[in-house]
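Novice: Input: one structure, supplied below.
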Amino acid sequence: MNGISCSINALNGLYDISGVEVGQHLYWQIGGFQVHAQVLITSWVVIAILLGSAIIAVRNPQTIPTDGQNFFEYVLEFIRDVSKTQIGEEYGPWVPFIGTMFLFIFVSNWSGALLPWKIIQLPHGELAAPTNDINTTVALALLTSVAYFYAGLSKKGLGYFSKYIQPTPILLPINVLEDFTKPLSLSFRLFGNILADELVVVVLVSLVPSVVPIPVMFLGLFTSGIQALIFATLAAAYIGESMEGHH
Amino acid sequence: MASMIMASSKTLIPITSSLPSKPRLQQQIPQISLPKIPTPKFLNSPQILSLSSSTLKSISLLTVTSLSFAPPSLAEEIEKAALFDFNLTLPIMMAQFLLLMFALDKIYFTPLGNFMDERDAAIKEKLASVKDTSTEVKELEEQAAAIMRAARAEISAALNKMKKETQLEVEEKLAEGRKKVEVELQEALANLEKQKEETIKSLDSQIAALSQEIVKKVLPL
């Protein structure tokens, strides 16, 4: 009993020092429903960053690209490359979806690591990356599900559903289950990685305020980029998978 | 599973907001050990409010003694930790994402993509046209070579002509010179002959006079 209390006391002290606020939200009421205001605020900032930089860089495209335009062309080529490798030759219409997915998640993750959100004090909860919230990741994952269903149905019509009994009808339950595990794994992977990354950084900063957290912060930046790429690549792979024909 | 988590998390919100503080203390306790099991649902139901005050006191006493060392702040932290708190944020994020997708497509993906494709096509066209001009260049080179050949032929022809003309002139002049020289030679020879004859004549007369004198001197009369 004493040991437990000691550990709990130590934990409490840790909480007091670090001020980790896990799963606390600033609630707004919209028509009888509650929303997580801190997620919406940071997502607006991310959207503003994306739209603003895109407008500035692509406003007046030059034949010989300037710096900003060069960067955005590089990003677009990268997105096209990812879409092409995953979807195949008919990747064209899916570039906006995959690209927005990648850019939104990437900028969100990096905003959580780079922007000093903590300066702005909220009455409840704290500002962090929008992908830190399960609502965001599930929304993106569900949109991916809708996207690959739409891709398959528009390509093959109702014949799309024949893929459920494709190798043998015995695999029907597993194939149906896949449609649930795909968005689940997508959303929880992103959510868990970003939340864990921010938590590790916050706890390390509270324990050792200098130098030691820096490698972890860089690791966090790396993880954030990788997670954005994984999400976009998997979304493209699912879309490509539902579009390719089982002959 | 997901629905269970959602249900448990949804019950968490009214706990913090609506209920009075005394039952709140009780509800914190089961959540320290098992924060995701929906036992607070049972505690949350209005039945507990209708319980007699004595049982309420006894429950609270029991819980307080059993977990008296648990600091209330930690309990509060965990109680409020609504990680899997699904609400209207989700559809709003979906709508925001779709709007962002359309906006980015309008201002970024489509315009810049078209621009890049057009530039690629233009560069390819230029490259192809450059390849075409290489044949033109060959033709031009051949023409130039032909012109050079013609020019060289002309030059050599002119040279030959000039050579022949000059040779003819030189020969003519040579012939003239020879004729002149011959004429002069013959004149000179003729002169020499004349002088020779004259001197011979004069010598003959002198010889006769001399011989007469010699005869006179040798043969005394």
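In the structure tokens, each chain is lettered A, B, ... as it comes, each chain's residues begin at 1, and ligands are numbered from 1 in order of appearance.
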Within range 9-235 of chain A, find each residue whose DSSP state, derived from the backbone, is helix (DSSP H, G or I), and express the selection as a PyMOL selection string.
Specialist: chain A and resi 9-18+37-58+67-87+89-114+117-119+130-132+134-165+169-207+213-235
Novice: What's the 12 Å shell around Ile105 in chain A, counting only C-alpha atoms, without same-chain residues fewer than 3 positions away, as a PDB file with all heavy atoms, in the first residue's frame?
Specialist:
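Result went into part.pdb, see below:
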```pdb
ATOM      1  N   SER A  43      -6.326  23.412 -36.795  1.00  0.00           N
ATOM      2  CA  SER A  43      -6.542  22.986 -38.185  1.00  0.00           C
ATOM      3  C   SER A  43      -6.774  24.193 -39.081  1.00  0.00           C
ATOM      4  O   SER A  43      -6.345  24.198 -40.237  1.00  0.00           O
ATOM      5  CB  SER A  43      -7.717  22.020 -38.266  1.00  0.00           C
ATOM      6  OG  SER A  43      -8.917  22.704 -38.078  1.00  0.00           O
ATOM      7  N   VAL A  46      -3.424  25.510 -39.871  1.00  0.00           N
ATOM      8  CA  VAL A  46      -2.746  24.650 -40.856  1.00  0.00           C
ATOM      9  C   VAL A  46      -3.302  24.916 -42.253  1.00  0.00           C
ATOM     10  O   VAL A  46      -2.550  25.067 -43.232  1.00  0.00           O
ATOM     11  CB  VAL A  46      -2.917  23.172 -40.462  1.00  0.00           C
ATOM     12  CG1 VAL A  46      -2.513  22.269 -41.615  1.00  0.00           C
ATOM     13  CG2 VAL A  46      -2.087  22.858 -39.257  1.00  0.00           C
ATOM     14  N   ILE A  47      -4.626  24.999 -42.348  1.00  0.00           N
ATOM     15  CA  ILE A  47      -5.247  25.245 -43.653  1.00  0.00           C
ATOM     16  C   ILE A  47      -4.820  26.601 -44.197  1.00  0.00           C
ATOM     17  O   ILE A  47      -4.515  26.752 -45.389  1.00  0.00           O
ATOM     18  CB  ILE A  47      -6.784  25.134 -43.516  1.00  0.00           C
ATOM     19  CG1 ILE A  47      -7.174  23.683 -43.274  1.00  0.00           C
ATOM     20  CG2 ILE A  47      -7.471  25.675 -44.752  1.00  0.00           C
ATOM     21  CD1 ILE A  47      -8.615  23.498 -42.921  1.00  0.00           C
ATOM     22  N   LEU A  50      -1.319  26.348 -45.553  1.00  0.00           N
ATOM     23  CA  LEU A  50      -1.287  25.630 -46.835  1.00  0.00           C
ATOM     24  C   LEU A  50      -1.793  26.524 -47.963  1.00  0.00           C
ATOM     25  O   LEU A  50      -1.121  26.698 -48.987  1.00  0.00           O
ATOM     26  CB  LEU A  50      -2.146  24.375 -46.746  1.00  0.00           C
ATOM     27  CG  LEU A  50      -1.472  23.156 -46.126  1.00  0.00           C
ATOM     28  CD1 LEU A  50      -2.469  22.030 -45.986  1.00  0.00           C
ATOM     29  CD2 LEU A  50      -0.324  22.721 -46.993  1.00  0.00           C
ATOM     30  N   ILE A  98      -4.860  12.638 -52.728  1.00  0.00           N
ATOM     31  CA  ILE A  98      -3.642  12.131 -52.095  1.00  0.00           C
ATOM     32  C   ILE A  98      -2.767  13.307 -51.641  1.00  0.00           C
ATOM     33  O   ILE A  98      -2.216  13.314 -50.542  1.00  0.00           O
ATOM     34  CB  ILE A  98      -2.855  11.239 -53.069  1.00  0.00           C
ATOM     35  CG1 ILE A  98      -3.743  10.107 -53.611  1.00  0.00           C
ATOM     36  CG2 ILE A  98      -1.623  10.660 -52.417  1.00  0.00           C
ATOM     37  CD1 ILE A  98      -4.220   9.173 -52.582  1.00  0.00           C
ATOM     38  N   GLY A  99      -2.665  14.313 -52.513  1.00  0.00           N
ATOM     39  CA  GLY A  99      -1.817  15.452 -52.193  1.00  0.00           C
ATOM     40  C   GLY A  99      -2.317  16.221 -50.991  1.00  0.00           C
ATOM     41  O   GLY A  99      -1.542  16.578 -50.102  1.00  0.00           O
ATOM     42  N   THR A 100      -3.628  16.486 -50.944  1.00  0.00           N
ATOM     43  CA  THR A 100      -4.171  17.201 -49.799  1.00  0.00           C
ATOM     44  C   THR A 100      -4.000  16.377 -48.537  1.00  0.00           C
ATOM     45  O   THR A 100      -3.678  16.919 -47.470  1.00  0.00           O
ATOM     46  CB  THR A 100      -5.656  17.511 -50.026  1.00  0.00           C
ATOM     47  OG1 THR A 100      -5.809  18.039 -51.333  1.00  0.00           O
ATOM     48  CG2 THR A 100      -6.152  18.506 -49.016  1.00  0.00           C
ATOM     49  N   MET A 101      -4.215  15.063 -48.645  1.00  0.00           N
ATOM     50  CA  MET A 101      -4.033  14.190 -47.496  1.00  0.00           C
ATOM     51  C   MET A 101      -2.617  14.321 -46.966  1.00  0.00           C
ATOM     52  O   MET A 101      -2.394  14.550 -45.775  1.00  0.00           O
ATOM     53  CB  MET A 101      -4.310  12.739 -47.952  1.00  0.00           C
ATOM     54  CG  MET A 101      -4.583  11.768 -46.844  1.00  0.00           C
ATOM     55  SD  MET A 101      -6.028  12.183 -45.897  1.00  0.00           S
ATOM     56  CE  MET A 101      -7.263  11.177 -46.611  1.00  0.00           C
ATOM     57  N   PHE A 102      -1.657  14.200 -47.880  1.00  0.00           N
ATOM     58  CA  PHE A 102      -0.253  14.253 -47.459  1.00  0.00           C
ATOM     59  C   PHE A 102       0.077  15.619 -46.866  1.00  0.00           C
ATOM     60  O   PHE A 102       0.641  15.713 -45.771  1.00  0.00           O
ATOM     61  CB  PHE A 102       0.658  13.961 -48.654  1.00  0.00           C
ATOM     62  CG  PHE A 102       2.106  14.127 -48.358  1.00  0.00           C
ATOM     63  CD1 PHE A 102       2.768  13.202 -47.579  1.00  0.00           C
ATOM     64  CD2 PHE A 102       2.804  15.212 -48.845  1.00  0.00           C
ATOM     65  CE1 PHE A 102       4.102  13.355 -47.294  1.00  0.00           C
ATOM     66  CE2 PHE A 102       4.144  15.371 -48.561  1.00  0.00           C
ATOM     67  CZ  PHE A 102       4.792  14.438 -47.783  1.00  0.00           C
ATOM     68  N   SER A 108       0.208  19.498 -40.408  1.00  0.00           N
ATOM     69  CA  SER A 108      -0.354  19.372 -39.068  1.00  0.00           C
ATOM     70  C   SER A 108       0.682  18.816 -38.102  1.00  0.00           C
ATOM     71  O   SER A 108       0.916  19.371 -37.026  1.00  0.00           O
ATOM     72  CB  SER A 108      -1.566  18.435 -39.088  1.00  0.00           C
ATOM     73  OG  SER A 108      -2.600  18.992 -39.832  1.00  0.00           O
ATOM     74  N   ASN A 109       1.316  17.721 -38.500  1.00  0.00           N
ATOM     75  CA  ASN A 109       2.290  17.089 -37.611  1.00  0.00           C
ATOM     76  C   ASN A 109       3.439  18.037 -37.292  1.00  0.00           C
ATOM     77  O   ASN A 109       3.854  18.177 -36.142  1.00  0.00           O
ATOM     78  CB  ASN A 109       2.849  15.818 -38.263  1.00  0.00           C
ATOM     79  CG  ASN A 109       1.799  14.751 -38.409  1.00  0.00           C
ATOM     80  OD1 ASN A 109       0.708  14.877 -37.877  1.00  0.00           O
ATOM     81  ND2 ASN A 109       2.126  13.697 -39.128  1.00  0.00           N
ATOM     82  N   TRP A 110       3.935  18.667 -38.352  1.00  0.00           N
ATOM     83  CA  TRP A 110       5.086  19.546 -38.115  1.00  0.00           C
ATOM     84  C   TRP A 110       4.691  20.790 -37.346  1.00  0.00           C
ATOM     85  O   TRP A 110       5.494  21.338 -36.619  1.00  0.00           O
ATOM     86  CB  TRP A 110       5.757  19.903 -39.448  1.00  0.00           C
ATOM     87  CG  TRP A 110       6.775  18.887 -39.835  1.00  0.00           C
ATOM     88  CD1 TRP A 110       6.668  17.537 -39.659  1.00  0.00           C
ATOM     89  CD2 TRP A 110       8.053  19.123 -40.404  1.00  0.00           C
ATOM     90  NE1 TRP A 110       7.804  16.924 -40.109  1.00  0.00           N
ATOM     91  CE2 TRP A 110       8.673  17.855 -40.580  1.00  0.00           C
ATOM     92  CE3 TRP A 110       8.742  20.269 -40.799  1.00  0.00           C
ATOM     93  CZ2 TRP A 110       9.951  17.722 -41.117  1.00  0.00           C
ATOM     94  CZ3 TRP A 110      10.005  20.115 -41.352  1.00  0.00           C
ATOM     95  CH2 TRP A 110      10.593  18.858 -41.503  1.00  0.00           C
ATOM     96  N   SER A 111       3.458  21.252 -37.528  1.00  0.00           N
ATOM     97  CA  SER A 111       3.024  22.402 -36.741  1.00  0.00           C
ATOM     98  C   SER A 111       3.025  22.037 -35.267  1.00  0.00           C
ATOM     99  O   SER A 111       3.381  22.848 -34.412  1.00  0.00           O
ATOM    100  CB  SER A 111       1.636  22.845 -37.181  1.00  0.00           C
ATOM    101  OG  SER A 111       0.655  22.017 -36.596  1.00  0.00           O
ATOM    102  N   GLY A 112       2.650  20.794 -34.941  1.00  0.00           N
ATOM    103  CA  GLY A 112       2.674  20.383 -33.543  1.00  0.00           C
ATOM    104  C   GLY A 112       4.077  20.382 -32.985  1.00  0.00           C
ATOM    105  O   GLY A 112       4.289  20.664 -31.809  1.00  0.00           O
ATOM    106  N   ALA A 129      -0.949  19.654 -32.350  1.00  0.00           N
ATOM    107  CA  ALA A 129      -1.208  19.269 -33.734  1.00  0.00           C
ATOM    108  C   ALA A 129      -2.638  18.769 -33.884  1.00  0.00           C
ATOM    109  O   ALA A 129      -3.142  18.059 -33.006  1.00  0.00           O
ATOM    110  CB  ALA A 129      -0.233  18.182 -34.158  1.00  0.00           C
ATOM    111  N   PRO A 130      -3.316  19.127 -34.978  1.00  0.00           N
ATOM    112  CA  PRO A 130      -4.686  18.640 -35.163  1.00  0.00           C
ATOM    113  C   PRO A 130      -4.755  17.114 -35.236  1.00  0.00           C
ATOM    114  O   PRO A 130      -5.755  16.521 -34.849  1.00  0.00           O
ATOM    115  CB  PRO A 130      -5.130  19.270 -36.478  1.00  0.00           C
ATOM    116  CG  PRO A 130      -4.221  20.397 -36.697  1.00  0.00           C
ATOM    117  CD  PRO A 130      -2.934  20.058 -36.042  1.00  0.00           C
ATOM    118  N   THR A 131      -3.673  16.496 -35.734  1.00  0.00           N
ATOM    119  CA  THR A 131      -3.660  15.030 -35.824  1.00  0.00           C
ATOM    120  C   THR A 131      -3.475  14.381 -34.465  1.00  0.00           C
ATOM    121  O   THR A 131      -3.460  13.165 -34.364  1.00  0.00           O
ATOM    122  CB  THR A 131      -2.527  14.599 -36.755  1.00  0.00           C
ATOM    123  OG1 THR A 131      -1.401  15.421 -36.532  1.00  0.00           O
ATOM    124  CG2 THR A 131      -2.945  14.714 -38.194  1.00  0.00           C
ATOM    125  N   ASN A 132      -3.349  15.202 -33.439  1.00  0.00           N
ATOM    126  CA  ASN A 132      -3.247  14.718 -32.070  1.00  0.00           C
ATOM    127  C   ASN A 132      -4.594  14.256 -31.549  1.00  0.00           C
ATOM    128  O   ASN A 132      -4.688  13.684 -30.478  1.00  0.00           O
ATOM    129  CB  ASN A 132      -2.750  15.893 -31.219  1.00  0.00           C
ATOM    130  CG  ASN A 132      -2.046  15.435 -29.994  1.00  0.00           C
ATOM    131  OD1 ASN A 132      -2.054  14.255 -29.696  1.00  0.00           O
ATOM    132  ND2 ASN A 132      -1.420  16.354 -29.300  1.00  0.00           N
ATOM    133  N   THR A 136      -9.822  13.945 -35.808  1.00  0.00           N
ATOM    134  CA  THR A 136      -9.179  14.293 -37.085  1.00  0.00           C
ATOM    135  C   THR A 136      -8.749  13.044 -37.834  1.00  0.00           C
ATOM    136  O   THR A 136      -9.040  12.882 -39.024  1.00  0.00           O
ATOM    137  CB  THR A 136      -7.957  15.174 -36.815  1.00  0.00           C
ATOM    138  OG1 THR A 136      -8.317  16.187 -35.926  1.00  0.00           O
ATOM    139  CG2 THR A 136      -7.437  15.744 -38.088  1.00  0.00           C
ATOM    140  N   THR A 137      -8.047  12.151 -37.133  1.00  0.00           N
ATOM    141  CA  THR A 137      -7.496  10.993 -37.838  1.00  0.00           C
ATOM    142  C   THR A 137      -8.613  10.088 -38.329  1.00  0.00           C
ATOM    143  O   THR A 137      -8.534   9.538 -39.424  1.00  0.00           O
ATOM    144  CB  THR A 137      -6.550  10.220 -36.920  1.00  0.00           C
ATOM    145  OG1 THR A 137      -7.251   9.797 -35.770  1.00  0.00           O
ATOM    146  CG2 THR A 137      -5.390  11.079 -36.509  1.00  0.00           C
ATOM    147  N   ALA A 139     -11.612  11.065 -39.114  1.00  0.00           N
ATOM    148  CA  ALA A 139     -12.240  11.742 -40.254  1.00  0.00           C
ATOM    149  C   ALA A 139     -11.450  11.478 -41.533  1.00  0.00           C
ATOM    150  O   ALA A 139     -12.017  11.125 -42.576  1.00  0.00           O
ATOM    151  CB  ALA A 139     -12.320  13.243 -39.984  1.00  0.00           C
ATOM    152  N   LEU A 140     -10.134  11.611 -41.446  1.00  0.00           N
ATOM    153  CA  LEU A 140      -9.304  11.378 -42.630  1.00  0.00           C
ATOM    154  C   LEU A 140      -9.385   9.922 -43.078  1.00  0.00           C
ATOM    155  O   LEU A 140      -9.471   9.626 -44.280  1.00  0.00           O
ATOM    156  CB  LEU A 140      -7.849  11.756 -42.335  1.00  0.00           C
ATOM    157  CG  LEU A 140      -7.602  13.227 -41.989  1.00  0.00           C
ATOM    158  CD1 LEU A 140      -6.144  13.460 -41.682  1.00  0.00           C
ATOM    159  CD2 LEU A 140      -8.039  14.118 -43.117  1.00  0.00           C
ATOM    160  N   ALA A 141      -9.373   8.992 -42.105  1.00  0.00           N
ATOM    161  CA  ALA A 141      -9.415   7.575 -42.467  1.00  0.00           C
ATOM    162  C   ALA A 141     -10.756   7.221 -43.108  1.00  0.00           C
ATOM    163  O   ALA A 141     -10.810   6.461 -44.081  1.00  0.00           O
ATOM    164  CB  ALA A 141      -9.172   6.719 -41.227  1.00  0.00           C
ATOM    165  N   SER A 187      -6.288   5.344 -38.895  1.00  0.00           N
ATOM    166  CA  SER A 187      -6.535   6.423 -37.944  1.00  0.00           C
ATOM    167  C   SER A 187      -5.729   6.214 -36.663  1.00  0.00           C
ATOM    168  O   SER A 187      -5.127   7.155 -36.148  1.00  0.00           O
ATOM    169  CB  SER A 187      -8.017   6.528 -37.628  1.00  0.00           C
ATOM    170  OG  SER A 187      -8.494   5.296 -37.161  1.00  0.00           O
ATOM    171  N   LEU A 190      -1.846   6.912 -37.038  1.00  0.00           N
ATOM    172  CA  LEU A 190      -1.494   8.333 -37.046  1.00  0.00           C
ATOM    173  C   LEU A 190      -1.699   8.951 -35.668  1.00  0.00           C
ATOM    174  O   LEU A 190      -0.815   9.616 -35.118  1.00  0.00           O
ATOM    175  CB  LEU A 190      -2.340   9.051 -38.101  1.00  0.00           C
ATOM    176  CG  LEU A 190      -2.083  10.528 -38.300  1.00  0.00           C
ATOM    177  CD1 LEU A 190      -0.637  10.749 -38.678  1.00  0.00           C
ATOM    178  CD2 LEU A 190      -2.982  11.082 -39.366  1.00  0.00           C
ATOM    179  N   PHE A 191      -2.876   8.700 -35.099  1.00  0.00           N
ATOM    180  CA  PHE A 191      -3.207   9.270 -33.794  1.00  0.00           C
ATOM    181  C   PHE A 191      -2.181   8.856 -32.749  1.00  0.00           C
ATOM    182  O   PHE A 191      -1.621   9.689 -32.030  1.00  0.00           O
ATOM    183  CB  PHE A 191      -4.612   8.798 -33.399  1.00  0.00           C
ATOM    184  CG  PHE A 191      -4.995   9.095 -31.993  1.00  0.00           C
ATOM    185  CD1 PHE A 191      -5.137  10.398 -31.571  1.00  0.00           C
ATOM    186  CD2 PHE A 191      -5.228   8.073 -31.096  1.00  0.00           C
ATOM    187  CE1 PHE A 191      -5.495  10.671 -30.271  1.00  0.00           C
ATOM    188  CE2 PHE A 191      -5.584   8.337 -29.806  1.00  0.00           C
ATOM    189  CZ  PHE A 191      -5.717   9.632 -29.382  1.00  0.00           C
ATOM    190  N   ILE A 194       1.448  10.406 -33.304  1.00  0.00           N
ATOM    191  CA  ILE A 194       1.602  11.837 -33.029  1.00  0.00           C
ATOM    192  C   ILE A 194       1.425  12.113 -31.550  1.00  0.00           C
ATOM    193  O   ILE A 194       2.194  12.864 -30.936  1.00  0.00           O
ATOM    194  CB  ILE A 194       0.600  12.646 -33.882  1.00  0.00           C
ATOM    195  CG1 ILE A 194       0.832  12.367 -35.353  1.00  0.00           C
ATOM    196  CG2 ILE A 194       0.767  14.120 -33.603  1.00  0.00           C
ATOM    197  CD1 ILE A 194       2.260  12.505 -35.794  1.00  0.00           C
ATOM    198  N   THR A 223       9.440  11.218 -37.547  1.00  0.00           N
ATOM    199  CA  THR A 223       8.244  10.375 -37.440  1.00  0.00           C
ATOM    200  C   THR A 223       7.043  11.058 -38.069  1.00  0.00           C
ATOM    201  O   THR A 223       6.247  10.424 -38.757  1.00  0.00           O
ATOM    202  CB  THR A 223       7.948  10.082 -35.965  1.00  0.00           C
ATOM    203  OG1 THR A 223       9.154   9.803 -35.298  1.00  0.00           O
ATOM    204  CG2 THR A 223       6.989   8.933 -35.820  1.00  0.00           C
ATOM    205  N   SER A 224       6.928  12.374 -37.823  1.00  0.00           N
ATOM    206  CA  SER A 224       5.782  13.105 -38.371  1.00  0.00           C
ATOM    207  C   SER A 224       5.758  13.021 -39.892  1.00  0.00           C
ATOM    208  O   SER A 224       4.720  12.719 -40.486  1.00  0.00           O
ATOM    209  CB  SER A 224       5.850  14.564 -37.941  1.00  0.00           C
ATOM    210  OG  SER A 224       5.866  14.654 -36.547  1.00  0.00           O
ATOM    211  N   GLY A 225       6.929  13.259 -40.489  1.00  0.00           N
ATOM    212  CA  GLY A 225       6.991  13.166 -41.945  1.00  0.00           C
ATOM    213  C   GLY A 225       6.667  11.775 -42.439  1.00  0.00           C
ATOM    214  O   GLY A 225       5.898  11.590 -43.394  1.00  0.00           O
ATOM    215  N   ILE A 226       7.248  10.780 -41.773  1.00  0.00           N
ATOM    216  CA  ILE A 226       7.027   9.392 -42.184  1.00  0.00           C
ATOM    217  C   ILE A 226       5.539   9.048 -42.062  1.00  0.00           C
ATOM    218  O   ILE A 226       4.972   8.394 -42.946  1.00  0.00           O
ATOM    219  CB  ILE A 226       7.875   8.447 -41.306  1.00  0.00           C
ATOM    220  CG1 ILE A 226       9.348   8.620 -41.624  1.00  0.00           C
ATOM    221  CG2 ILE A 226       7.457   7.013 -41.499  1.00  0.00           C
ATOM    222  CD1 ILE A 226       9.774   8.045 -42.931  1.00  0.00           C
ATOM    223  N   GLN A 227       4.912   9.500 -40.992  1.00  0.00           N
ATOM    224  CA  GLN A 227       3.502   9.158 -40.796  1.00  0.00           C
ATOM    225  C   GLN A 227       2.638   9.774 -41.899  1.00  0.00           C
ATOM    226  O   GLN A 227       1.707   9.138 -42.394  1.00  0.00           O
ATOM    227  CB  GLN A 227       3.019   9.626 -39.419  1.00  0.00           C
ATOM    228  CG  GLN A 227       3.526   8.777 -38.274  1.00  0.00           C
ATOM    229  CD  GLN A 227       3.248   7.308 -38.478  1.00  0.00           C
ATOM    230  OE1 GLN A 227       2.164   6.921 -38.892  1.00  0.00           O
ATOM    231  NE2 GLN A 227       4.236   6.479 -38.221  1.00  0.00           N
ATOM    232  N   ALA A 228       2.952  11.033 -42.243  1.00  0.00           N
ATOM    233  CA  ALA A 228       2.190  11.662 -43.330  1.00  0.00           C
ATOM    234  C   ALA A 228       2.368  10.883 -44.620  1.00  0.00           C
ATOM    235  O   ALA A 228       1.397  10.601 -45.343  1.00  0.00           O
ATOM    236  CB  ALA A 228       2.646  13.108 -43.515  1.00  0.00           C
ATOM    237  N   LEU A 229       3.614  10.477 -44.897  1.00  0.00           N
ATOM    238  CA  LEU A 229       3.883   9.730 -46.128  1.00  0.00           C
ATOM    239  C   LEU A 229       3.169   8.377 -46.092  1.00  0.00           C
ATOM    240  O   LEU A 229       2.583   7.947 -47.094  1.00  0.00           O
ATOM    241  CB  LEU A 229       5.388   9.541 -46.293  1.00  0.00           C
ATOM    242  CG  LEU A 229       5.811   8.779 -47.535  1.00  0.00           C
ATOM    243  CD1 LEU A 229       5.372   9.538 -48.760  1.00  0.00           C
ATOM    244  CD2 LEU A 229       7.294   8.573 -47.568  1.00  0.00           C
ATOM    245  N   ILE A 230       3.194   7.722 -44.927  1.00  0.00           N
ATOM    246  CA  ILE A 230       2.553   6.409 -44.819  1.00  0.00           C
ATOM    247  C   ILE A 230       1.054   6.545 -45.058  1.00  0.00           C
ATOM    248  O   ILE A 230       0.451   5.746 -45.793  1.00  0.00           O
ATOM    249  CB  ILE A 230       2.836   5.796 -43.426  1.00  0.00           C
ATOM    250  CG1 ILE A 230       4.266   5.299 -43.349  1.00  0.00           C
ATOM    251  CG2 ILE A 230       1.879   4.664 -43.130  1.00  0.00           C
ATOM    252  CD1 ILE A 230       4.646   4.770 -42.004  1.00  0.00           C
ATOM    253  N   PHE A 231       0.471   7.550 -44.433  1.00  0.00           N
ATOM    254  CA  PHE A 231      -0.983   7.710 -44.587  1.00  0.00           C
ATOM    255  C   PHE A 231      -1.332   7.938 -46.060  1.00  0.00           C
ATOM    256  O   PHE A 231      -2.228   7.268 -46.612  1.00  0.00           O
ATOM    257  CB  PHE A 231      -1.457   8.894 -43.731  1.00  0.00           C
ATOM    258  CG  PHE A 231      -2.927   8.856 -43.413  1.00  0.00           C
ATOM    259  CD1 PHE A 231      -3.365   8.586 -42.126  1.00  0.00           C
ATOM    260  CD2 PHE A 231      -3.862   9.076 -44.389  1.00  0.00           C
ATOM    261  CE1 PHE A 231      -4.707   8.532 -41.832  1.00  0.00           C
ATOM    262  CE2 PHE A 231      -5.210   9.042 -44.108  1.00  0.00           C
ATOM    263  CZ  PHE A 231      -5.619   8.768 -42.818  1.00  0.00           C
ATOM    264  N   ALA A 232      -0.610   8.856 -46.686  1.00  0.00           N
ATOM    265  CA  ALA A 232      -0.919   9.162 -48.095  1.00  0.00           C
ATOM    266  C   ALA A 232      -0.661   7.950 -48.977  1.00  0.00           C
ATOM    267  O   ALA A 232      -1.462   7.618 -49.862  1.00  0.00           O
ATOM    268  CB  ALA A 232      -0.085  10.350 -48.561  1.00  0.00           C
TER     269      ALA A 232
ATOM    270  N   PHE B  97     -11.607  19.207 -44.590  1.00  0.00           N
ATOM    271  CA  PHE B  97     -10.645  18.539 -45.475  1.00  0.00           C
ATOM    272  C   PHE B  97     -11.125  18.604 -46.922  1.00  0.00           C
ATOM    273  O   PHE B  97     -10.338  18.891 -47.829  1.00  0.00           O
ATOM    274  CB  PHE B  97     -10.455  17.085 -45.041  1.00  0.00           C
ATOM    275  CG  PHE B  97      -9.501  16.348 -45.922  1.00  0.00           C
ATOM    276  CD1 PHE B  97      -8.143  16.425 -45.696  1.00  0.00           C
ATOM    277  CD2 PHE B  97      -9.950  15.596 -46.993  1.00  0.00           C
ATOM    278  CE1 PHE B  97      -7.257  15.762 -46.508  1.00  0.00           C
ATOM    279  CE2 PHE B  97      -9.067  14.934 -47.813  1.00  0.00           C
ATOM    280  CZ  PHE B  97      -7.717  15.020 -47.571  1.00  0.00           C
TER     281      PHE B  97
END
```
Novice: For chain A, which residue among B:Leu99, B:Leu104, B:Ala151, B:Val218 is the nearest when counting only C-alpha atoms?
Specialist: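 With only C-alpha atoms as the atom set, the closest residue is B:Leu104.
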Novice: So that I can check the surroundings of Leu76 in chain A, please list as a PyMOL selection string every protein, DNA and RNA residue that reaches within 9 Å of it, counting only C-alpha atoms and ignoring chain neighbours fewer than 5 positions away.
Specialist: (chain A and resi 71+81+95+99) or (chain B and resi 108-109+112-113)
Novice: Choose the residue, out of A:Gln62, A:Ile41, A:Pro183, A:Tyr27, that has the smallest atom-to-atom separation from Leu143 in chain A; count only C-alpha atoms.
Specialist: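 The answer is A:Pro183, which sits nearest to Leu143 in chain A.
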Novice: When you count only C-alpha atoms, which of these residues is closest to chain B: A:Ile239, A:Leu122, A:Leu195, A:Leu177?
Specialist: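 Of all the options, A:Leu195 lies closest to chain B.
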Novice: Going by DSSP on the backbone, which residues of range 16-217 of chain A come out as strand (DSSP E or B)? List them as a ChimeraX atom specification.
Specialist: /A:27-30,33-36
Novice: Hey, what's within 10 Å of Glu126 in chain A if we count only C-alpha atoms and toss same-chain stuff fewer than 2 positions away? As a VMD selection string, please?
Specialist: chain A and resid 20 to 26 37 to 39 117 to 124 128 to 129
Novice: Counting only C-alpha atoms, which residue out of A:Gly68, A:Val176, A:Leu158, A:Val35 sits closest to Asn135 in chain A?
Specialist: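 The answer is A:Val35, which sits nearest to Asn135 in chain A.
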Novice: For chain B, which residue out of A:Ile134, A:Ile79, A:Leu127, A:Leu153 is the nearest one, using only C-alpha atoms?
Specialist: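 Closest to chain B, using only C-alpha atoms: A:Ile134.
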Novice: Figure out the distance between CA of Phe222 in chain A and CA of Leu40 in chain A, please, to one decimal in Å.
Specialist: 24.4 Å
Novice: Quick one: pull the distance between CA of Ala128 in chain B and CA of Asp67 in chain A, Å, one decimal.
Specialist: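 Interatomic distance here is 28.7 Å.
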